[in-house]
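One file, upload25.pdb, is given below (PDB, C-alpha atoms, pLDDT in the B column).
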ATOM      1  CA  MET A   1     -17.854 -34.822  14.845  1.00 40.00           C
ATOM      2  CA  ALA A   2     -16.846 -36.712  11.724  1.00 59.00           C
ATOM      3  CA  LYS A   3     -19.301 -36.984   8.884  1.00 81.00           C
ATOM      4  CA  TYR A   4     -18.871 -40.760   8.729  1.00 83.00           C
ATOM      5  CA  SER A   5     -18.234 -43.013  11.681  1.00 85.00           C
ATOM      6  CA  TYR A   6     -15.328 -45.432  11.802  1.00 83.00           C
ATOM      7  CA  GLU A   7     -17.769 -48.335  11.326  1.00 88.00           C
ATOM      8  CA  GLU A   8     -19.293 -46.780   8.189  1.00 89.00           C
ATOM      9  CA  LYS A   9     -15.856 -46.151   6.699  1.00 89.00           C
ATOM     10  CA  LEU A  10     -14.693 -49.679   7.507  1.00 89.00           C
ATOM     11  CA  GLU A  11     -17.851 -51.198   6.034  1.00 90.00           C
ATOM     12  CA  ALA A  12     -17.404 -49.223   2.784  1.00 92.00           C
ATOM     13  CA  VAL A  13     -13.729 -50.245   2.562  1.00 92.00           C
ATOM     14  CA  LEU A  14     -14.426 -53.922   3.261  1.00 92.00           C
ATOM     15  CA  ARG A  15     -17.054 -53.972   0.498  1.00 92.00           C
ATOM     16  CA  VAL A  16     -14.256 -52.945  -1.876  1.00 91.00           C
ATOM     17  CA  VAL A  17     -11.374 -54.988  -0.439  1.00 90.00           C
ATOM     18  CA  ASP A  18     -13.127 -58.212   0.599  1.00 89.00           C
ATOM     19  CA  ASP A  19     -16.240 -58.329  -1.563  1.00 87.00           C
ATOM     20  CA  GLY A  20     -14.652 -56.947  -4.741  1.00 87.00           C
ATOM     21  CA  MET A  21     -17.214 -54.164  -5.087  1.00 89.00           C
ATOM     22  CA  GLY A  22     -16.147 -51.021  -6.937  1.00 91.00           C
ATOM     23  CA  CYS A  23     -15.372 -47.825  -5.047  1.00 90.00           C
ATOM     24  CA  GLY A  24     -18.126 -45.997  -6.906  1.00 91.00           C
ATOM     25  CA  THR A  25     -20.773 -48.564  -5.949  1.00 92.00           C
ATOM     26  CA  SER A  26     -19.638 -48.624  -2.328  1.00 91.00           C
ATOM     27  CA  ALA A  27     -19.691 -44.822  -2.283  1.00 91.00           C
ATOM     28  CA  LYS A  28     -23.265 -44.755  -3.641  1.00 92.00           C
ATOM     29  CA  ILE A  29     -24.436 -47.107  -0.881  1.00 91.00           C
ATOM     30  CA  LEU A  30     -22.922 -44.781   1.729  1.00 88.00           C
ATOM     31  CA  GLY A  31     -24.012 -41.630  -0.061  1.00 89.00           C
ATOM     32  CA  THR A  32     -20.592 -40.120  -0.626  1.00 90.00           C
ATOM     33  CA  ALA A  33     -18.201 -39.470  -3.503  1.00 90.00           C
ATOM     34  CA  LYS A  34     -16.112 -42.180  -5.124  1.00 91.00           C
ATOM     35  CA  VAL A  35     -12.849 -40.362  -4.370  1.00 90.00           C
ATOM     36  CA  VAL A  36     -13.649 -40.405  -0.652  1.00 87.00           C
ATOM     37  CA  VAL A  37     -13.947 -44.199  -0.630  1.00 91.00           C
ATOM     38  CA  GLN A  38     -10.802 -44.472  -2.764  1.00 89.00           C
ATOM     39  CA  ARG A  39      -8.932 -42.410  -0.181  1.00 84.00           C
ATOM     40  CA  TRP A  40     -10.180 -44.674   2.638  1.00 87.00           C
ATOM     41  CA  VAL A  41      -9.155 -47.787   0.709  1.00 89.00           C
ATOM     42  CA  ARG A  42      -5.642 -46.421   0.167  1.00 83.00           C
ATOM     43  CA  ARG A  43      -5.305 -45.611   3.872  1.00 82.00           C
ATOM     44  CA  TYR A  44      -6.645 -49.040   4.803  1.00 86.00           C
ATOM     45  CA  ARG A  45      -4.148 -50.799   2.538  1.00 85.00           C
ATOM     46  CA  GLN A  46      -1.245 -48.712   3.861  1.00 79.00           C
ATOM     47  CA  PHE A  47      -2.051 -48.562   7.596  1.00 79.00           C
ATOM     48  CA  GLY A  48      -4.768 -51.154   8.165  1.00 82.00           C
ATOM     49  CA  ALA A  49      -7.959 -50.341  10.026  1.00 82.00           C
ATOM     50  CA  GLU A  50      -6.151 -47.656  12.068  1.00 79.00           C
ATOM     51  CA  GLY A  51      -5.680 -45.696   8.861  1.00 77.00           C
ATOM     52  CA  LEU A  52      -9.377 -44.893   8.947  1.00 79.00           C
ATOM     53  CA  LEU A  53      -8.961 -43.303  12.386  1.00 76.00           C
ATOM     54  CA  MET A  54      -6.294 -40.785  11.345  1.00 67.00           C
ATOM     55  CA  LYS A  55      -7.214 -37.357  12.639  1.00 66.00           C
ATOM     56  CA  LYS A  56      -6.269 -33.934  11.448  1.00 67.00           C
ATOM     57  CA  GLY A  57      -3.433 -32.431  13.379  1.00 71.00           C
ATOM     58  CA  SER A  58      -0.977 -29.613  13.574  1.00 80.00           C
ATOM     59  CA  TYR A  59       2.422 -30.102  11.989  1.00 85.00           C
ATOM     60  CA  PRO A  60       5.648 -28.184  12.593  1.00 88.00           C
ATOM     61  CA  GLY A  61       7.130 -26.182   9.733  1.00 87.00           C
ATOM     62  CA  ALA A  62      10.244 -28.375   9.462  1.00 90.00           C
ATOM     63  CA  PHE A  63       8.014 -31.437   8.977  1.00 90.00           C
ATOM     64  CA  LYS A  64       6.044 -29.694   6.222  1.00 92.00           C
ATOM     65  CA  ILE A  65       9.222 -28.727   4.395  1.00 92.00           C
ATOM     66  CA  SER A  66      10.632 -32.251   4.624  1.00 93.00           C
ATOM     67  CA  VAL A  67       7.348 -33.697   3.288  1.00 93.00           C
ATOM     68  CA  ILE A  68       7.360 -31.379   0.254  1.00 93.00           C
ATOM     69  CA  GLU A  69      11.029 -31.976  -0.477  1.00 93.00           C
ATOM     70  CA  TYR A  70      10.612 -35.764  -0.102  1.00 94.00           C
ATOM     71  CA  MET A  71       7.619 -35.676  -2.437  1.00 94.00           C
ATOM     72  CA  HIS A  72       9.594 -33.886  -5.145  1.00 92.00           C
ATOM     73  CA  ALA A  73      12.776 -35.902  -4.691  1.00 95.00           C
ATOM     74  CA  ASN A  74      10.840 -39.167  -5.072  1.00 95.00           C
ATOM     75  CA  HIS A  75       8.337 -37.912  -7.681  1.00 93.00           C
ATOM     76  CA  LEU A  76       5.305 -38.833  -5.549  1.00 92.00           C
ATOM     77  CA  SER A  77       1.754 -37.633  -6.026  1.00 91.00           C
ATOM     78  CA  LEU A  78      -0.132 -35.756  -3.327  1.00 90.00           C
ATOM     79  CA  TYR A  79      -2.041 -38.947  -2.473  1.00 84.00           C
ATOM     80  CA  GLU A  80       1.088 -41.073  -2.197  1.00 87.00           C
ATOM     81  CA  THR A  81       2.819 -38.455  -0.065  1.00 90.00           C
ATOM     82  CA  ALA A  82      -0.142 -38.116   2.289  1.00 85.00           C
ATOM     83  CA  ILE A  83      -0.252 -41.895   2.762  1.00 81.00           C
ATOM     84  CA  LYS A  84       3.513 -42.164   3.234  1.00 85.00           C
ATOM     85  CA  PHE A  85       3.504 -39.566   6.030  1.00 85.00           C
ATOM     86  CA  ALA A  86       0.091 -40.537   7.514  1.00 79.00           C
ATOM     87  CA  ILE A  87      -1.471 -37.176   6.695  1.00 82.00           C
ATOM     88  CA  PRO A  88      -5.247 -37.630   6.614  1.00 75.00           C
ATOM     89  CA  ASN A  89      -5.938 -35.498   3.558  1.00 76.00           C
ATOM     90  CA  ASP A  90      -3.906 -35.072   0.394  1.00 82.00           C
ATOM     91  CA  THR A  91      -5.236 -31.535  -0.050  1.00 86.00           C
ATOM     92  CA  THR A  92      -3.243 -30.605   3.056  1.00 87.00           C
ATOM     93  CA  VAL A  93      -0.050 -31.619   1.250  1.00 91.00           C
ATOM     94  CA  GLY A  94      -1.214 -29.705  -1.829  1.00 92.00           C
ATOM     95  CA  ARG A  95      -1.743 -26.585   0.267  1.00 91.00           C
ATOM     96  CA  TRP A  96       1.754 -26.930   1.743  1.00 91.00           C
ATOM     97  CA  GLU A  97       3.219 -27.337  -1.738  1.00 93.00           C
ATOM     98  CA  ARG A  98       1.464 -24.193  -2.988  1.00 92.00           C
ATOM     99  CA  VAL A  99       2.721 -22.166  -0.015  1.00 90.00           C
ATOM    100  CA  TYR A 100       6.219 -23.628  -0.463  1.00 90.00           C
ATOM    101  CA  TYR A 101       6.432 -22.393  -4.059  1.00 90.00           C
ATOM    102  CA  GLU A 102       4.469 -19.150  -3.786  1.00 90.00           C
ATOM    103  CA  GLU A 103       5.807 -17.807  -0.493  1.00 88.00           C
ATOM    104  CA  GLY A 104       8.917 -19.866   0.118  1.00 88.00           C
ATOM    105  CA  PRO A 105       9.788 -22.615   2.614  1.00 88.00           C
ATOM    106  CA  GLN A 106       9.915 -20.192   5.561  1.00 86.00           C
ATOM    107  CA  ALA A 107       6.178 -19.509   5.113  1.00 86.00           C
ATOM    108  CA  LEU A 108       5.441 -23.099   6.194  1.00 85.00           C
ATOM    109  CA  HIS A 109       6.644 -22.227   9.693  1.00 83.00           C
ATOM    110  CA  ARG A 110       3.718 -19.815  10.163  1.00 78.00           C
ATOM    111  CA  ASP A 111       0.490 -21.153  11.607  1.00 71.00           C
ATOM    112  CA  ASN A 112      -2.255 -19.658   9.433  1.00 66.00           C
ATOM    113  CA  ARG A 113      -5.133 -21.781  10.624  1.00 62.00           C
ATOM    114  CA  GLY A 114      -8.468 -20.325  11.690  1.00 63.00           C
ATOM    115  CA  ARG A 115     -10.197 -17.092  10.891  1.00 70.00           C
ATOM    116  CA  LYS A 116      -8.258 -13.888  10.634  1.00 69.00           C
ATOM    117  CA  SER A 117      -8.627 -11.560  13.547  1.00 67.00           C
ATOM    118  CA  ARG A 118     -11.083  -8.738  13.076  1.00 68.00           C
ATOM    119  CA  MET A 119      -8.890  -6.503  15.196  1.00 62.00           C
ATOM    120  CA  SER A 120      -5.901  -5.546  13.123  1.00 58.00           C
ATOM    121  CA  SER A 121      -2.895  -3.867  14.676  1.00 57.00           C
ATOM    122  CA  ASP A 122      -2.602  -1.505  11.658  1.00 59.00           C
ATOM    123  CA  LYS A 123      -6.018   0.028  12.315  1.00 60.00           C
ATOM    124  CA  PRO A 124      -6.051   2.879  14.801  1.00 63.00           C
ATOM    125  CA  ARG A 125      -8.201   2.158  17.814  1.00 65.00           C
ATOM    126  CA  LYS A 126     -10.975   4.565  18.731  1.00 72.00           C
ATOM    127  CA  LYS A 127      -9.880   6.958  21.417  1.00 77.00           C
ATOM    128  CA  LYS A 128     -11.767   7.197  24.664  1.00 83.00           C
ATOM    129  CA  LEU A 129     -13.132  10.681  25.145  1.00 83.00           C
ATOM    130  CA  ASP A 130     -12.347  12.530  28.317  1.00 88.00           C
ATOM    131  CA  LYS A 131     -15.187  12.955  30.816  1.00 89.00           C
ATOM    132  CA  LYS A 132     -15.765  16.660  30.037  1.00 91.00           C
ATOM    133  CA  THR A 133     -16.023  16.130  26.258  1.00 91.00           C
ATOM    134  CA  GLU A 134     -18.371  13.180  26.727  1.00 91.00           C
ATOM    135  CA  GLU A 135     -20.647  15.229  29.011  1.00 93.00           C
ATOM    136  CA  ASP A 136     -20.647  18.135  26.506  1.00 94.00           C
ATOM    137  CA  LEU A 137     -21.637  15.801  23.673  1.00 94.00           C
ATOM    138  CA  ILE A 138     -24.458  14.247  25.715  1.00 94.00           C
ATOM    139  CA  ALA A 139     -25.747  17.720  26.637  1.00 96.00           C
ATOM    140  CA  GLU A 140     -25.644  18.790  22.982  1.00 96.00           C
ATOM    141  CA  VAL A 141     -27.576  15.694  21.876  1.00 96.00           C
ATOM    142  CA  GLN A 142     -30.242  16.387  24.511  1.00 96.00           C
ATOM    143  CA  ARG A 143     -30.476  20.047  23.454  1.00 96.00           C
ATOM    144  CA  LEU A 144     -30.847  19.051  19.780  1.00 96.00           C
ATOM    145  CA  ARG A 145     -33.558  16.531  20.630  1.00 96.00           C
ATOM    146  CA  MET A 146     -35.527  19.173  22.559  1.00 96.00           C
ATOM    147  CA  GLU A 147     -35.088  21.621  19.687  1.00 96.00           C
ATOM    148  CA  ASN A 148     -36.338  18.983  17.252  1.00 95.00           C
ATOM    149  CA  GLU A 149     -39.433  18.294  19.384  1.00 95.00           C
ATOM    150  CA  TYR A 150     -40.109  22.027  19.658  1.00 95.00           C
ATOM    151  CA  LEU A 151     -39.933  22.466  15.879  1.00 96.00           C
ATOM    152  CA  LYS A 152     -42.285  19.523  15.331  1.00 96.00           C
ATOM    153  CA  LYS A 153     -44.871  21.023  17.718  1.00 95.00           C
ATOM    154  CA  LEU A 154     -44.494  24.433  16.105  1.00 95.00           C
ATOM    155  CA  GLN A 155     -45.031  22.887  12.647  1.00 96.00           C
ATOM    156  CA  ALA A 156     -48.182  21.129  13.898  1.00 95.00           C
ATOM    157  CA  LEU A 157     -49.556  24.385  15.348  1.00 95.00           C
ATOM    158  CA  VAL A 158     -48.816  26.307  12.136  1.00 95.00           C
ATOM    159  CA  GLN A 159     -50.503  23.609  10.061  1.00 93.00           C
ATOM    160  CA  GLU A 160     -53.556  23.679  12.325  1.00 92.00           C
ATOM    161  CA  ARG A 161     -53.783  27.475  12.047  1.00 93.00           C
ATOM    162  CA  ILE A 162     -53.508  27.357   8.237  1.00 93.00           C
ATOM    163  CA  THR A 163     -56.254  24.727   8.101  1.00 91.00           C
ATOM    164  CA  ARG A 164     -58.544  26.865  10.338  1.00 91.00           C
ATOM    165  CA  GLU A 165     -57.951  30.020   8.297  1.00 89.00           C
ATOM    166  CA  ASN A 166     -58.802  28.249   5.046  1.00 89.00           C
ATOM    167  CA  GLY A 167     -62.084  27.146   6.596  1.00 78.00           C
ATOM    168  CA  LYS A 168     -61.278  23.511   6.408  1.00 64.00           C
ATOM    169  CA  GLU A 169     -61.758  21.688   9.611  1.00 59.00           C
ATOM    170  CA  PRO A 170     -59.612  18.647  10.157  1.00 56.00           C
ATOM    171  CA  PRO A 171     -61.599  15.400  10.001  1.00 58.00           C
ATOM    172  CA  SER A 172     -62.952  14.385  13.383  1.00 58.00           C
ATOM    173  CA  SER A 173     -61.932  11.107  14.936  1.00 54.00           C
ATOM    174  CA  THR A 174     -65.554  10.166  15.850  1.00 56.00           C
ATOM    175  CA  ASN A 175     -67.566   8.244  13.291  1.00 50.00           C
TER
END

Just give me the structure of the file as structure tokens.
Amino acid sequence: MAKYSYEEKLEAVLRVVDDGMGCGTSAKILGTAKVVVQRWVRRYRQFGAEGLLMKKGSYPGAFKISVIEYMHANHLSLYETAIKFAIPNDTTVGRWERVYYEEGPQALHRDNRGRKSRMSSDKPRKKKLDKKTEEDLIAEVQRLRMENEYLKKLQALVQERITRENGKEPPSSTN
């Protein structure tokens, strides 16, 4: 769900366009940043009220490359380019530009959205143990647990004997 409804955006824009209010004042009334209202106003002036309905989308790599090349050929800013191509957010164009220069145009054909997978193909997967090995390990764990319990009981008996021999009786639980 969008943070601001279409009606709230339109109201903020109309305060600027029709009433002559500043973007900063309109933004304060809505409780957002001035640059957000400025972006809405630019979209409204370019595309009309439908400009406020523009949704994020997925773009093919060839489109991204053409946008970046058009932007540079015509010396446009990120804002102007986003408006020209009806891209909802200028930071999207900025991200494409960074990838274009850092990794090359072919990198824009990859779809890198979303979280990275936790399962990586380079990591070796844990092997399933065969039935015999699994049974042996379970038996060993059980044997070690019994041995541990035995040693705890033996320690308690030795401690009790030492206490008796020293003439000290353990405190009774009745008060």

request  = Please write the residues picked by the PyMOL selection byres ((chain A and resi 10) around 10) on this file as a PyMOL selection string.
outcome  = chain A and resi 4-9+11-16+37+40-41+44+49-53

Store the residues of this selection in a file with C-alpha atoms, as a PDB file, in the coordinates of the input.
ATOM      1  CA  TYR A   4     -18.871 -40.760   8.729  1.00 83.00           C
ATOM      2  CA  SER A   5     -18.234 -43.013  11.681  1.00 85.00           C
ATOM      3  CA  TYR A   6     -15.328 -45.432  11.802  1.00 83.00           C
ATOM      4  CA  GLU A   7     -17.769 -48.335  11.326  1.00 88.00           C
ATOM      5  CA  GLU A   8     -19.293 -46.780   8.189  1.00 89.00           C
ATOM      6  CA  LYS A   9     -15.856 -46.151   6.699  1.00 89.00           C
ATOM      7  CA  GLU A  11     -17.851 -51.198   6.034  1.00 90.00           C
ATOM      8  CA  ALA A  12     -17.404 -49.223   2.784  1.00 92.00           C
ATOM      9  CA  VAL A  13     -13.729 -50.245   2.562  1.00 92.00           C
ATOM     10  CA  LEU A  14     -14.426 -53.922   3.261  1.00 92.00           C
ATOM     11  CA  ARG A  15     -17.054 -53.972   0.498  1.00 92.00           C
ATOM     12  CA  VAL A  16     -14.256 -52.945  -1.876  1.00 91.00           C
ATOM     13  CA  VAL A  37     -13.947 -44.199  -0.630  1.00 91.00           C
ATOM     14  CA  TRP A  40     -10.180 -44.674   2.638  1.00 87.00           C
ATOM     15  CA  VAL A  41      -9.155 -47.787   0.709  1.00 89.00           C
ATOM     16  CA  TYR A  44      -6.645 -49.040   4.803  1.00 86.00           C
ATOM     17  CA  ALA A  49      -7.959 -50.341  10.026  1.00 82.00           C
ATOM     18  CA  GLU A  50      -6.151 -47.656  12.068  1.00 79.00           C
ATOM     19  CA  GLY A  51      -5.680 -45.696   8.861  1.00 77.00           C
ATOM     20  CA  LEU A  52      -9.377 -44.893   8.947  1.00 79.00           C
ATOM     21  CA  LEU A  53      -8.961 -43.303  12.386  1.00 76.00           C
TER      22      LEU A  53
END

key: Pairwise distance for atom CA of Ala73 of chain A and atom CA of Glu102 of chain A, rounded to one decimal in Å   =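 Interatomic distance, atom CA of Ala73 of chain A to atom CA of Glu102 of chain A: 18.7 Å.
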
task = For the structure shown, which residues end up in the PyMOL selection byres ((chain A and resi 95) around 12)? Put them as a ChimeraX atom specification, please?
result = /A:64-65,67-68,78,82,89-94,96-103,107-108,112-113

Export of prior selection with C-alpha atoms as a tab-separated table (two decimals), keeping the file's coordinate frame:
chain	number	residue	atom	x	y	z
A	64	LYS	CA	6.04	-29.69	6.22
A	65	ILE	CA	9.22	-28.73	4.39
A	67	VAL	CA	7.35	-33.70	3.29
A	68	ILE	CA	7.36	-31.38	0.25
A	78	LEU	CA	-0.13	-35.76	-3.33
A	82	ALA	CA	-0.14	-38.12	2.29
A	89	ASN	CA	-5.94	-35.50	3.56
A	90	ASP	CA	-3.91	-35.07	0.39
A	91	THR	CA	-5.24	-31.54	-0.05
A	92	THR	CA	-3.24	-30.60	3.06
A	93	VAL	CA	-0.05	-31.62	1.25
A	94	GLY	CA	-1.21	-29.70	-1.83
A	96	TRP	CA	1.75	-26.93	1.74
A	97	GLU	CA	3.22	-27.34	-1.74
A	98	ARG	CA	1.46	-24.19	-2.99
A	99	VAL	CA	2.72	-22.17	-0.02
A	100	TYR	CA	6.22	-23.63	-0.46
A	101	TYR	CA	6.43	-22.39	-4.06
A	102	GLU	CA	4.47	-19.15	-3.79
A	103	GLU	CA	5.81	-17.81	-0.49
A	107	ALA	CA	6.18	-19.51	5.11
A	108	LEU	CA	5.44	-23.10	6.19
A	112	ASN	CA	-2.26	-19.66	9.43
A	113	ARG	CA	-5.13	-21.78	10.62

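Candidate residues A:Arg110, A:Lys132, A:Lys34, A:Glu80 were compared for distance to Gly61 of chain A, and the nearest is A:Arg110, using all atoms listed in the file.
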
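In this model, the gap between atom CA of Leu30 of chain A and atom CA of Lys3 of chain A comes to 11.2 Å.
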
inquiry  = Just to confirm, what's the straight-line distance from atom CA of Glu160 of chain A to atom CA of Asn148 of chain A in Å (one decimal)?
reply    =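 Going from atom CA of Glu160 of chain A over to atom CA of Asn148 of chain A covers 18.5 Å.
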
Kindly complete segment 75-92 of chain A to N, CA, C and O atoms; the output should be written as a PDB file, in the frame of the given file.
ATOM      1  N   HIS A  75       9.364 -38.032  -6.636  1.00 93.00           N
ATOM      2  CA  HIS A  75       8.337 -37.912  -7.681  1.00 93.00           C
ATOM      3  C   HIS A  75       7.031 -38.595  -7.263  1.00 93.00           C
ATOM      4  O   HIS A  75       6.447 -39.383  -8.009  1.00 93.00           O
ATOM      5  N   LEU A  76       6.548 -38.263  -6.063  1.00 92.00           N
ATOM      6  CA  LEU A  76       5.305 -38.833  -5.549  1.00 92.00           C
ATOM      7  C   LEU A  76       4.143 -37.881  -5.810  1.00 92.00           C
ATOM      8  O   LEU A  76       4.328 -36.666  -5.901  1.00 92.00           O
ATOM      9  N   SER A  77       2.953 -38.456  -5.889  1.00 91.00           N
ATOM     10  CA  SER A  77       1.754 -37.633  -6.026  1.00 91.00           C
ATOM     11  C   SER A  77       1.354 -37.134  -4.634  1.00 91.00           C
ATOM     12  O   SER A  77       1.896 -37.562  -3.613  1.00 91.00           O
ATOM     13  N   LEU A  78       0.373 -36.243  -4.612  1.00 90.00           N
ATOM     14  CA  LEU A  78      -0.132 -35.756  -3.327  1.00 90.00           C
ATOM     15  C   LEU A  78      -0.700 -36.911  -2.503  1.00 90.00           C
ATOM     16  O   LEU A  78      -0.466 -36.998  -1.290  1.00 90.00           O
ATOM     17  N   TYR A  79      -1.453 -37.792  -3.164  1.00 84.00           N
ATOM     18  CA  TYR A  79      -2.041 -38.947  -2.473  1.00 84.00           C
ATOM     19  C   TYR A  79      -0.964 -39.830  -1.862  1.00 84.00           C
ATOM     20  O   TYR A  79      -1.035 -40.213  -0.697  1.00 84.00           O
ATOM     21  N   GLU A  80       0.025 -40.180  -2.659  1.00 87.00           N
ATOM     22  CA  GLU A  80       1.088 -41.073  -2.197  1.00 87.00           C
ATOM     23  C   GLU A  80       1.863 -40.452  -1.035  1.00 87.00           C
ATOM     24  O   GLU A  80       2.206 -41.129  -0.067  1.00 87.00           O
ATOM     25  N   THR A  81       2.089 -39.147  -1.128  1.00 90.00           N
ATOM     26  CA  THR A  81       2.819 -38.455  -0.065  1.00 90.00           C
ATOM     27  C   THR A  81       2.005 -38.432   1.225  1.00 90.00           C
ATOM     28  O   THR A  81       2.543 -38.682   2.312  1.00 90.00           O
ATOM     29  N   ALA A  82       0.715 -38.150   1.105  1.00 85.00           N
ATOM     30  CA  ALA A  82      -0.142 -38.116   2.289  1.00 85.00           C
ATOM     31  C   ALA A  82      -0.166 -39.480   2.975  1.00 85.00           C
ATOM     32  O   ALA A  82      -0.083 -39.572   4.203  1.00 85.00           O
ATOM     33  N   ILE A  83      -0.238 -40.539   2.199  1.00 81.00           N
ATOM     34  CA  ILE A  83      -0.252 -41.895   2.762  1.00 81.00           C
ATOM     35  C   ILE A  83       1.095 -42.213   3.402  1.00 81.00           C
ATOM     36  O   ILE A  83       1.158 -42.722   4.515  1.00 81.00           O
ATOM     37  N   LYS A  84       2.167 -41.873   2.731  1.00 85.00           N
ATOM     38  CA  LYS A  84       3.513 -42.164   3.234  1.00 85.00           C
ATOM     39  C   LYS A  84       3.751 -41.524   4.605  1.00 85.00           C
ATOM     40  O   LYS A  84       4.337 -42.116   5.488  1.00 85.00           O
ATOM     41  N   PHE A  85       3.257 -40.298   4.790  1.00 85.00           N
ATOM     42  CA  PHE A  85       3.504 -39.566   6.030  1.00 85.00           C
ATOM     43  C   PHE A  85       2.296 -39.570   6.977  1.00 85.00           C
ATOM     44  O   PHE A  85       2.277 -38.821   7.952  1.00 85.00           O
ATOM     45  N   ALA A  86       1.292 -40.398   6.682  1.00 79.00           N
ATOM     46  CA  ALA A  86       0.091 -40.537   7.514  1.00 79.00           C
ATOM     47  C   ALA A  86      -0.611 -39.199   7.733  1.00 79.00           C
ATOM     48  O   ALA A  86      -1.045 -38.872   8.836  1.00 79.00           O
ATOM     49  N   ILE A  87      -0.733 -38.440   6.653  1.00 82.00           N
ATOM     50  CA  ILE A  87      -1.471 -37.176   6.695  1.00 82.00           C
ATOM     51  C   ILE A  87      -2.862 -37.483   6.176  1.00 82.00           C
ATOM     52  O   ILE A  87      -3.021 -38.034   5.086  1.00 82.00           O
ATOM     53  N   PRO A  88      -3.896 -37.189   6.958  1.00 75.00           N
ATOM     54  CA  PRO A  88      -5.247 -37.630   6.614  1.00 75.00           C
ATOM     55  C   PRO A  88      -5.775 -37.174   5.260  1.00 75.00           C
ATOM     56  O   PRO A  88      -6.555 -37.873   4.646  1.00 75.00           O
ATOM     57  N   ASN A  89      -5.346 -36.019   4.784  1.00 76.00           N
ATOM     58  CA  ASN A  89      -5.938 -35.498   3.558  1.00 76.00           C
ATOM     59  C   ASN A  89      -4.849 -35.018   2.608  1.00 76.00           C
ATOM     60  O   ASN A  89      -3.980 -34.237   2.996  1.00 76.00           O
ATOM     61  N   ASP A  90      -4.918 -35.455   1.377  1.00 82.00           N
ATOM     62  CA  ASP A  90      -3.906 -35.072   0.394  1.00 82.00           C
ATOM     63  C   ASP A  90      -3.978 -33.590   0.047  1.00 82.00           C
ATOM     64  O   ASP A  90      -2.985 -33.000  -0.366  1.00 82.00           O
ATOM     65  N   THR A  91      -5.139 -32.965   0.239  1.00 86.00           N
ATOM     66  CA  THR A  91      -5.236 -31.535  -0.050  1.00 86.00           C
ATOM     67  C   THR A  91      -4.379 -30.725   0.924  1.00 86.00           C
ATOM     68  O   THR A  91      -3.940 -29.625   0.580  1.00 86.00           O
ATOM     69  N   THR A  92      -4.131 -31.266   2.097  1.00 87.00           N
ATOM     70  CA  THR A  92      -3.243 -30.605   3.056  1.00 87.00           C
ATOM     71  C   THR A  92      -1.841 -30.509   2.460  1.00 87.00           C
ATOM     72  O   THR A  92      -1.207 -29.451   2.500  1.00 87.00           O
TER      73      THR A  92
END
